[in-house]
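Shown next: entry_39.txt, given as compact mmCIF, C-alpha atoms.
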# COMPACT_ATOMS: atom_id res chain seq x y z
CA MET A 1 92.54 85.59 81.66
CA ARG A 2 95.43 88.01 82.07
CA VAL A 3 94.75 90.92 84.41
CA GLY A 4 97.09 93.87 84.79
CA SER A 5 97.00 97.39 86.17
CA PHE A 6 96.78 100.64 84.21
CA VAL A 7 99.00 103.27 85.81
CA LEU A 8 98.55 106.95 84.92
CA ALA A 9 100.64 108.44 87.75
CA ALA A 10 97.67 110.73 88.26
CA ARG A 11 98.15 113.87 90.33
CA PHE A 12 95.04 114.38 92.44
CA PRO A 13 94.17 117.82 93.84
CA GLY A 14 96.54 118.84 96.62
CA GLN A 15 99.25 116.39 95.56
CA GLY A 16 102.65 116.98 94.00
CA GLU A 17 104.22 115.23 91.04
CA GLY A 18 106.62 113.31 93.29
CA GLU A 19 103.76 111.85 95.29
CA ALA A 20 101.95 110.77 92.12
CA LEU A 21 105.05 109.14 90.67
CA HIS A 22 105.92 107.39 93.93
CA ARG A 23 102.40 105.93 94.04
CA ALA A 24 102.79 104.77 90.43
CA VAL A 25 106.08 103.00 91.13
CA ARG A 26 104.91 101.46 94.37
CA SER A 27 101.65 100.22 92.85
CA ALA A 28 103.65 98.44 90.14
CA GLU A 29 105.88 96.76 92.71
CA VAL A 30 102.81 95.60 94.63
CA ALA A 31 101.27 94.36 91.36
CA GLU A 32 104.11 91.88 90.97
CA GLU A 33 103.78 90.77 94.59
CA ALA A 34 100.03 90.32 94.11
CA GLY A 35 100.39 88.16 91.00
CA LEU A 36 99.10 90.56 88.36
CA ASP A 37 100.17 89.88 84.78
CA THR A 38 101.18 93.30 83.47
CA VAL A 39 101.55 96.93 84.43
CA TRP A 40 100.54 99.31 81.64
CA LEU A 41 102.01 102.82 81.86
CA ALA A 42 100.40 105.94 80.45
CA GLU A 43 102.28 108.92 79.00
CA HIS A 44 101.21 112.57 79.16
CA HIS A 45 102.86 115.97 78.81
CA PHE A 46 102.27 119.23 80.68
CA VAL A 47 99.09 118.11 82.52
CA PRO A 48 98.31 116.73 85.99
CA TYR A 49 96.02 114.09 84.44
CA GLY A 50 99.15 111.93 84.23
CA THR A 51 102.60 112.97 85.41
CA CYS A 52 104.71 110.41 83.50
CA PRO A 53 106.10 112.09 80.35
CA SER A 54 107.96 109.00 79.11
CA ALA A 55 106.33 105.62 79.50
CA VAL A 56 109.39 103.79 78.15
CA THR A 57 111.63 105.44 80.75
CA LEU A 58 109.34 104.45 83.61
CA ALA A 59 109.04 100.98 82.07
CA ALA A 60 112.83 100.63 82.20
CA LEU A 61 112.82 101.46 85.90
CA LEU A 62 110.06 98.98 86.67
CA LEU A 63 111.58 96.20 84.58
CA GLY A 64 114.72 96.63 86.65
CA ARG A 65 112.79 96.45 89.91
CA THR A 66 110.71 93.39 89.01
CA ARG A 67 111.49 89.85 87.92
CA ARG A 68 108.27 88.34 86.58
CA LEU A 69 105.94 91.21 85.75
CA ARG A 70 105.37 92.25 82.14
CA VAL A 71 105.59 96.02 81.69
CA GLY A 72 103.92 97.84 78.81
CA THR A 73 103.27 101.36 77.57
CA ALA A 74 99.67 102.50 77.22
CA VAL A 75 100.62 104.35 75.26
CA SER A 76 103.79 105.80 73.83
CA VAL A 77 102.62 108.64 71.56
CA LEU A 78 103.98 108.22 68.04
CA SER A 79 102.96 111.67 66.82
CA THR A 80 105.56 113.41 68.98
CA THR A 81 108.49 111.01 68.74
CA HIS A 82 110.63 109.53 65.98
CA PRO A 83 109.59 105.90 65.42
CA VAL A 84 113.23 104.78 65.16
CA THR A 85 114.03 106.38 68.52
CA LEU A 86 111.07 104.58 70.08
CA GLY A 87 111.99 101.38 68.26
CA GLU A 88 115.53 101.44 69.62
CA GLN A 89 114.24 101.98 73.15
CA ALA A 90 111.69 99.18 72.80
CA ALA A 91 114.30 96.79 71.41
CA LEU A 92 116.65 97.63 74.28
CA LEU A 93 113.98 96.91 76.89
CA HIS A 94 112.88 93.73 75.11
CA VAL A 95 116.41 92.31 74.98
CA THR A 96 117.53 93.30 78.47
CA SER A 97 114.30 92.21 80.19
CA GLY A 98 114.16 88.79 78.58
CA GLY A 99 111.04 89.66 76.59
CA ARG A 100 108.95 91.22 79.40
CA PHE A 101 108.25 94.49 77.58
CA SER A 102 105.12 95.34 75.55
CA LEU A 103 104.97 98.45 73.38
CA GLY A 104 101.59 100.11 73.21
CA VAL A 105 101.42 103.03 70.77
CA GLY A 106 98.83 105.61 69.85
CA ARG A 107 98.22 108.72 67.78
CA GLY A 108 97.71 110.99 70.78
CA GLY A 109 95.65 114.15 70.53
CA PRO A 110 95.75 117.59 68.90
CA TRP A 111 97.55 119.01 71.91
CA VAL A 112 100.24 121.64 72.35
CA ASP A 113 102.71 118.75 72.61
CA LEU A 114 102.83 118.82 68.80
CA GLU A 115 104.13 122.39 68.94
CA VAL A 116 106.59 121.84 71.76
CA PHE A 117 108.22 118.81 70.15
CA GLY A 118 108.18 120.28 66.66
CA ALA A 119 106.04 117.53 65.15
CA GLY A 120 103.25 119.77 63.88
CA LEU A 121 99.55 119.11 63.46
CA GLU A 122 100.07 117.07 60.29
CA ALA A 123 101.94 114.43 62.28
CA TYR A 124 98.77 113.91 64.31
CA GLU A 125 96.26 114.19 61.48
CA LYS A 126 98.06 112.21 58.75
CA GLY A 127 101.36 110.80 59.97
CA PHE A 128 100.38 107.91 62.25
CA PRO A 129 100.25 105.11 59.62
CA GLU A 130 103.71 105.96 58.28
CA SER A 131 105.18 106.18 61.77
CA LEU A 132 103.57 102.89 62.81
CA ASP A 133 104.86 101.04 59.75
CA LEU A 134 108.39 102.34 60.25
CA LEU A 135 108.31 101.38 63.92
CA VAL A 136 107.13 97.83 63.20
CA ARG A 137 109.75 97.38 60.49
CA TRP A 138 112.42 98.49 62.95
CA LEU A 139 111.28 95.87 65.44
CA ARG A 140 111.10 93.04 62.89
CA GLU A 141 113.85 93.58 60.27
CA PRO A 142 117.68 93.60 60.52
CA VAL A 143 118.22 96.60 58.23
CA VAL A 144 115.81 99.51 57.74
CA GLY A 145 115.61 102.54 55.45
CA ALA A 146 112.76 104.98 54.78
CA SER A 147 111.43 107.01 51.86
CA GLY A 148 108.07 108.27 53.10
CA GLU A 149 106.44 111.69 53.29
CA ARG A 150 107.64 112.31 56.83
CA PHE A 151 110.74 110.13 57.20
CA GLY A 152 113.51 109.51 54.73
CA PHE A 153 116.95 108.01 55.37
CA ARG A 154 119.39 105.49 53.92
CA GLU A 155 119.40 101.91 55.14
CA VAL A 156 120.96 101.42 58.57
CA PRO A 157 121.42 98.33 60.74
CA VAL A 158 119.05 97.75 63.65
CA VAL A 159 121.09 97.72 66.86
CA PRO A 160 120.23 96.06 69.15
CA ARG A 161 118.16 93.62 67.15
CA PRO A 162 115.06 92.51 69.08
CA SER A 163 115.64 88.96 67.88
CA GLU A 164 118.76 88.83 70.08
CA ALA A 165 116.58 88.48 73.19
CA LEU A 166 116.67 85.11 74.93
CA THR A 167 113.03 84.45 74.07
CA ASP A 168 111.01 82.86 71.29
CA ALA A 169 109.37 86.17 70.40
CA GLU A 170 110.78 87.90 67.32
CA GLY A 171 110.52 91.21 69.15
CA PRO A 172 108.34 93.09 71.62
CA GLU A 173 104.64 92.86 71.00
CA VAL A 174 103.12 96.04 69.57
CA VAL A 175 99.61 97.03 70.66
CA VAL A 176 97.69 99.90 69.05
CA ALA A 177 95.30 102.17 70.94
CA CYS A 178 92.09 102.24 68.90
CA THR A 179 89.28 104.77 69.33
CA SER A 180 87.67 104.79 65.87
CA PRO A 181 86.89 102.45 62.95
CA ALA A 182 89.85 103.94 61.08
CA SER A 183 92.32 103.02 63.81
CA VAL A 184 90.76 99.56 64.13
CA ARG A 185 91.29 99.00 60.39
CA LEU A 186 94.85 100.26 60.66
CA ALA A 187 95.69 97.79 63.41
CA ALA A 188 93.85 94.90 61.78
CA GLU A 189 95.57 95.29 58.41
CA ARG A 190 98.91 94.93 60.21
CA GLY A 191 97.76 92.12 62.49
CA LEU A 192 98.40 94.21 65.61
CA PRO A 193 96.20 93.76 68.70
CA MET A 194 94.16 96.67 70.02
CA LEU A 195 94.07 98.55 73.30
CA LEU A 196 90.49 99.70 73.88
CA GLY A 197 89.74 102.60 76.21
CA MET A 198 88.09 102.55 79.60
CA HIS A 199 85.30 104.90 78.45
CA VAL A 200 83.99 102.20 76.07
CA GLY A 201 81.43 99.59 77.16
CA ASP A 202 81.27 95.89 76.34
CA GLU A 203 78.95 96.25 73.36
CA GLU A 204 81.15 98.76 71.58
CA LYS A 205 84.31 96.79 72.39
CA ALA A 206 82.69 93.66 70.95
CA GLU A 207 81.83 95.59 67.78
CA MET A 208 85.41 96.85 67.48
CA ALA A 209 86.80 93.35 67.96
CA ALA A 210 84.45 92.04 65.27
CA LEU A 211 85.48 94.83 62.89
CA TRP A 212 89.15 94.01 63.59
CA ARG A 213 88.57 90.37 62.64
CA ARG A 214 86.76 91.29 59.41
CA GLN A 215 89.45 93.75 58.38
CA ALA A 216 92.26 91.35 59.28
CA ARG A 217 90.69 88.61 57.14
CA ALA A 218 90.18 91.03 54.26
CA ALA A 219 93.85 92.01 54.51
CA GLY A 220 94.89 88.36 54.26
CA ARG A 221 96.23 88.02 57.77
CA PRO A 222 96.81 84.37 58.86
CA ALA A 223 93.83 82.66 60.49
CA GLU A 224 95.86 81.66 63.54
CA GLU A 225 97.00 85.25 64.06
CA ILE A 226 93.41 86.46 63.92
CA HIS A 227 92.22 83.77 66.30
CA HIS A 228 94.92 84.46 68.88
CA ALA A 229 94.84 88.27 68.71
CA ALA A 230 95.48 89.42 72.27
CA HIS A 231 93.48 92.64 72.51
CA VAL A 232 93.56 94.59 75.78
CA SER A 233 90.53 96.12 77.49
CA ALA A 234 91.20 99.13 79.73
CA GLY A 235 88.96 99.74 82.72
CA VAL A 236 88.71 100.81 86.34
CA CYS A 237 88.85 98.52 89.38
CA GLN A 238 88.01 99.49 92.94
CA ILE A 239 87.39 96.73 95.48
CA ALA A 240 85.45 97.11 98.73
CA ASP A 241 83.24 94.87 100.83
CA ARG A 242 80.20 96.81 99.64
CA ARG A 243 79.61 98.31 96.20
CA THR A 244 78.43 101.58 97.72
CA ASP A 245 81.78 101.96 99.50
CA ALA A 246 83.79 101.31 96.33
CA VAL A 247 81.70 103.79 94.35
CA GLU A 248 81.95 106.38 97.13
CA THR A 249 85.75 106.08 97.14
CA LEU A 250 85.92 106.84 93.43
CA MET A 251 83.23 109.53 93.46
CA LYS A 252 85.11 111.42 96.19
CA ALA A 253 88.47 111.40 94.41
CA MET A 254 88.17 110.96 90.67
CA PRO A 255 86.01 113.95 89.62
CA GLY A 256 88.48 116.45 91.09
CA TRP A 257 91.38 114.71 89.37
CA LEU A 258 89.51 114.48 86.07
CA LYS A 259 88.47 118.13 86.13
CA GLN A 260 91.91 119.59 86.81
CA GLY A 261 93.59 117.06 84.52
CA LEU A 262 91.33 117.41 81.51
CA ASP A 263 91.02 121.20 81.88
CA ALA A 264 94.80 121.46 81.54
CA HIS A 265 94.88 120.01 78.01
CA VAL A 266 95.58 122.77 75.47
CA THR A 267 94.93 122.28 71.76
CA VAL A 268 97.71 123.20 69.37
CA ASP A 269 95.42 125.12 66.98
CA GLY A 270 92.76 126.52 69.30
CA ARG A 271 90.09 124.11 68.08
CA PRO A 272 87.01 123.81 70.34
CA ARG A 273 87.06 121.01 72.89
CA ARG A 274 84.13 118.96 74.12
CA MET A 275 84.80 118.22 77.77
CA ARG A 276 83.32 115.33 79.70
CA ASP A 277 81.45 116.14 82.88
CA PRO A 278 83.75 114.75 85.63
CA LEU A 279 80.94 113.51 87.87
CA ALA A 280 79.01 111.87 85.04
CA TYR A 281 82.18 110.31 83.65
CA THR A 282 83.10 108.82 87.03
CA GLU A 283 79.58 107.42 87.37
CA LEU A 284 79.88 105.92 83.88
CA LEU A 285 83.18 104.23 84.75
CA CYS A 286 81.72 102.83 87.98
CA GLY A 287 78.87 101.32 85.99
CA LEU A 288 81.02 99.80 83.24
CA HIS A 289 83.81 98.23 85.24
CA PRO A 290 84.64 96.02 88.27
CA VAL A 291 83.80 98.40 91.10
CA GLY A 292 82.48 96.73 94.25
CA PRO A 293 82.91 93.48 96.21
CA PRO A 294 85.35 90.85 94.90
CA ARG A 295 82.54 88.58 93.64
CA LEU A 296 81.03 91.43 91.62
CA CYS A 297 84.46 92.22 90.18
CA VAL A 298 84.97 88.59 89.16
CA ASP A 299 81.57 88.49 87.48
CA ARG A 300 82.09 91.82 85.72
CA LEU A 301 85.46 90.81 84.26
CA ALA A 302 84.13 87.41 83.22
CA ALA A 303 81.10 88.99 81.56
CA THR A 304 83.25 91.48 79.64
CA SER A 305 85.51 88.69 78.46
CA GLU A 306 82.55 86.58 77.35
CA ARG A 307 80.83 89.45 75.53
CA THR A 308 83.90 90.81 73.79
CA GLY A 309 86.21 87.84 73.43
CA ILE A 310 88.94 89.89 75.11
CA SER A 311 90.86 88.19 77.91
CA ARG A 312 93.51 90.81 78.77
CA PHE A 313 92.70 93.70 81.06
CA ALA A 314 94.46 96.91 82.08
CA LEU A 315 92.67 98.19 85.18
CA LEU A 316 93.10 101.63 86.72
CA VAL A 317 93.68 100.87 90.41
CA GLU A 318 94.73 104.31 91.69
CA GLY A 319 91.28 105.91 91.54
CA SER A 320 91.27 106.63 95.27
CA GLY A 321 94.28 108.91 94.87
CA ASP A 322 95.75 107.48 98.07
CA LEU A 323 98.89 105.34 98.23
CA ALA A 324 97.79 103.01 101.05
CA ALA A 325 94.35 102.54 99.52
CA THR A 326 95.89 101.85 96.10
CA GLU A 327 98.20 99.20 97.55
CA GLU A 328 95.28 97.55 99.33
CA ASN A 329 93.23 97.65 96.13
CA VAL A 330 95.99 95.91 94.17
CA ARG A 331 96.50 93.28 96.86
CA ARG A 332 92.78 92.50 97.02
CA LEU A 333 92.66 92.26 93.24
CA GLY A 334 95.43 89.68 93.38
CA ALA A 335 94.15 87.71 96.39
CA GLU A 336 90.35 87.88 96.04
CA VAL A 337 89.64 88.28 92.32
CA LEU A 338 92.40 86.69 90.23
CA PRO A 339 92.05 83.17 91.74
CA HIS A 340 88.43 83.03 90.57
CA LEU A 341 89.12 83.95 86.93
CA ASN A 342 89.83 81.37 84.26
As structure tokens, what does this structure read like?
Amino acid sequence: MRVGSFVLAARFPGQGEGEALHRAVRSAEVAEEAGLDTVWLAEHHFVPYGTCPSAVTLAALLLGRTRRLRVGTAVSVLSTTHPVTLGEQAALLHVTSGGRFSLGVGRGGPWVDLEVFGAGLEAYEKGFPESLDLLVRWLREPVVGASGERFGFREVPVVPRPSEALTDAEGPEVVVACTSPASVRLAAERGLPMLLGMHVGDEEKAEMAALWRRQARAAGRPAEEIHHAAHVSAGVCQIADRRTDAVETLMKAMPGWLKQGLDAHVTVDGRPRRMRDPLAYTELLCGLHPVGPPRLCVDRLAATSERTGISRFALLVEGSGDLAATEENVRRLGAEVLPHLN
């Protein structure tokens, strides 16, 4: 089982962006010290929900500060960036880190970001498959051209080529954030593993994994590729000696962060938004994920893995909103939970 942290660089009420980013960087450094497998970095624009606007930039910093830890994006938003730009950045990090970089990508949302970056609503509603295919080609082929609806250019050489890394991997792994059957099919047809959100329970994740396998087989993907698909399950982890204490820590901090963060999202076209209730959402997350004593956390992760077949985890560890508490949470995850997982 491969357990990593999920870092949003969340700005909790009363905090500044610098404090949130410092906690994000420090928690990643502690993750390496504690023996975690990966740090997954979120990307958001113009909202306090997450204060990192470029996951690949923060990944570059953390790859430079660590020696063993894998660093991934969860996710880089393809709707607001050129896939070749992102591909070049991913190739650079893959080569210079010795293959320690993972590229998670997603469609994003119908937010004002589309207006600010000039992508437009169509990039979000229709453009993701074309962008994803161009990105993957850039990471796997030596020369790439495009003649699609959104991107068109003559053939150009890929520099640096991901295959130049001193590793057996042909390039950085690409993981796709999936929130619907359509996105599951999209990932499966291309043989790309999924990143499944922390709001989704074991039963639904198991159904999505099963759908991925069916679609991958129907698309003619190799049996070995299907069998070894390394999907990632996002969740929340808060460790305390008693479950009530772990839940209390999250219930005190997370609803305020969720409310101010989610309220700040602005749609590009004024479409109505259905907002989650922050208290109910925090309670849901506490019920779904490893929140409580170390033994409970071990059992919860093992049960999720058994039910879903997923053995990679990206766990939000900063739910307390406090730097010292986050560091302690990561260290306990490494010392008291990881040794008991297969």
_Under the rule that only C-alpha atoms are counted, which of A:Leu93, A:Asp202, A:His227, A:Ala119 is the nearest residue to A:Gly171?_
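Smallest separation from A:Gly171 among the options: A:Leu93.
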*Compare A:Gly98, A:Pro13, A:Pro53, A:Pro129 by their minimum atom-to-atom distance to A:Arg68, counting all atoms listed in the file, and give me the closest one.*
A:Gly98
_I'd like the contact shell of A:Gly104 - 8 Å cut-off, only C-alpha atoms, skipping same-chain residues fewer than 5 positions apart - returned as a VMD selection string._
chain A and resid 72 to 76 174 to 177 195
For stretch 42-45 of chain A: contacts at 10 Å, only C-alpha atoms, fewer than 5 positions along chain excluded, given as a short mmCIF file (atom, residue, chain, number, x, y, z; two decimals) with C-alpha atoms, in the frame of the given file:
data_model
loop_
_atom_site.label_atom_id
_atom_site.label_comp_id
_atom_site.auth_asym_id
_atom_site.auth_seq_id
_atom_site.Cartn_x
_atom_site.Cartn_y
_atom_site.Cartn_z
CA PHE A 6 96.78 100.64 84.21
CA VAL A 7 99.00 103.27 85.81
CA LEU A 8 98.55 106.95 84.92
CA ALA A 9 100.64 108.44 87.75
CA ALA A 10 97.67 110.73 88.26
CA GLY A 50 99.15 111.93 84.23
CA THR A 51 102.60 112.97 85.41
CA CYS A 52 104.71 110.41 83.50
CA PRO A 53 106.10 112.09 80.35
CA SER A 54 107.96 109.00 79.11
CA ALA A 55 106.33 105.62 79.50
CA VAL A 56 109.39 103.79 78.15
CA LEU A 58 109.34 104.45 83.61
CA GLY A 72 103.92 97.84 78.81
CA THR A 73 103.27 101.36 77.57
CA ALA A 74 99.67 102.50 77.22
CA VAL A 75 100.62 104.35 75.26
CA SER A 76 103.79 105.80 73.83
CA VAL A 77 102.62 108.64 71.56
CA GLY A 104 101.59 100.11 73.21
CA GLY A 108 97.71 110.99 70.78
CA TRP A 111 97.55 119.01 71.91
CA VAL A 112 100.24 121.64 72.35
CA ASP A 113 102.71 118.75 72.61
CA VAL A 116 106.59 121.84 71.76
CA HIS A 265 94.88 120.01 78.01
#
*Of the residues A:Leu262, A:Leu296, A:Val143, A:Ala230, which is the one nearest to A:Met1, using all atoms listed in the file?*
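Of A:Leu262, A:Leu296, A:Val143, A:Ala230, the one nearest A:Met1, counting all atoms listed in the file, is A:Ala230.
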*Any idea what's packed within 12 Å of A:Leu258, counting only C-alpha atoms, ignoring anything in its chain fewer than 2 positions away? Could you give it as a VMD selection string?*
chain A and resid 8 10 to 13 47 to 50 250 to 256 260 to 265 275 to 282 319 321
*Pick out the closest residue to A:Gly220 from this set: A:Arg271, A:Arg190, A:Lys259, A:Arg331. Count all atoms listed in the file.*
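Looking at the shortest contact to A:Gly220, the residue is A:Arg190.
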*Nearest to A:Gly87 among A:Ala229, A:Ala223, A:Leu284, A:Val105, with distances taken over only C-alpha atoms: which residue is it?*
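The closest residue to A:Gly87 is A:Val105.
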*Return the single residue from A:Asp133, A:Glu164, A:Glu327, A:Glu125 that is closest to A:Leu192, with distances computed using all atoms listed in the file.*
A:Asp133
*asked:* Please report the interatomic distance between atom CA of A:Glu189 and atom CA of A:Glu130 in Å with one decimal.
replied: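 Computed distance, atom CA of A:Glu189 to atom CA of A:Glu130, equals 13.4 Å.
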*Please, what distance in Å, to one decimal, runs between atom CA of A:Phe151 and atom CA of A:Glu88?*
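That distance, rounded to one decimal, is 15.9 Å.
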_Residues within 10 Å of (81.9, 91.7, 70.4), file coords, only C-alpha atoms, listed as a PyMOL selection string_ = chain A and resi 202-211+304-310
*Can you list, as an MDAnalysis selection string, every protein, DNA or RNA residue that comes within 12 Å of A:Val159 when you count all atoms listed in the file, leaving out same-chain residues fewer than 4 positions away?*
chainID A and resid 84:85 87:92 95 138:144 163:164
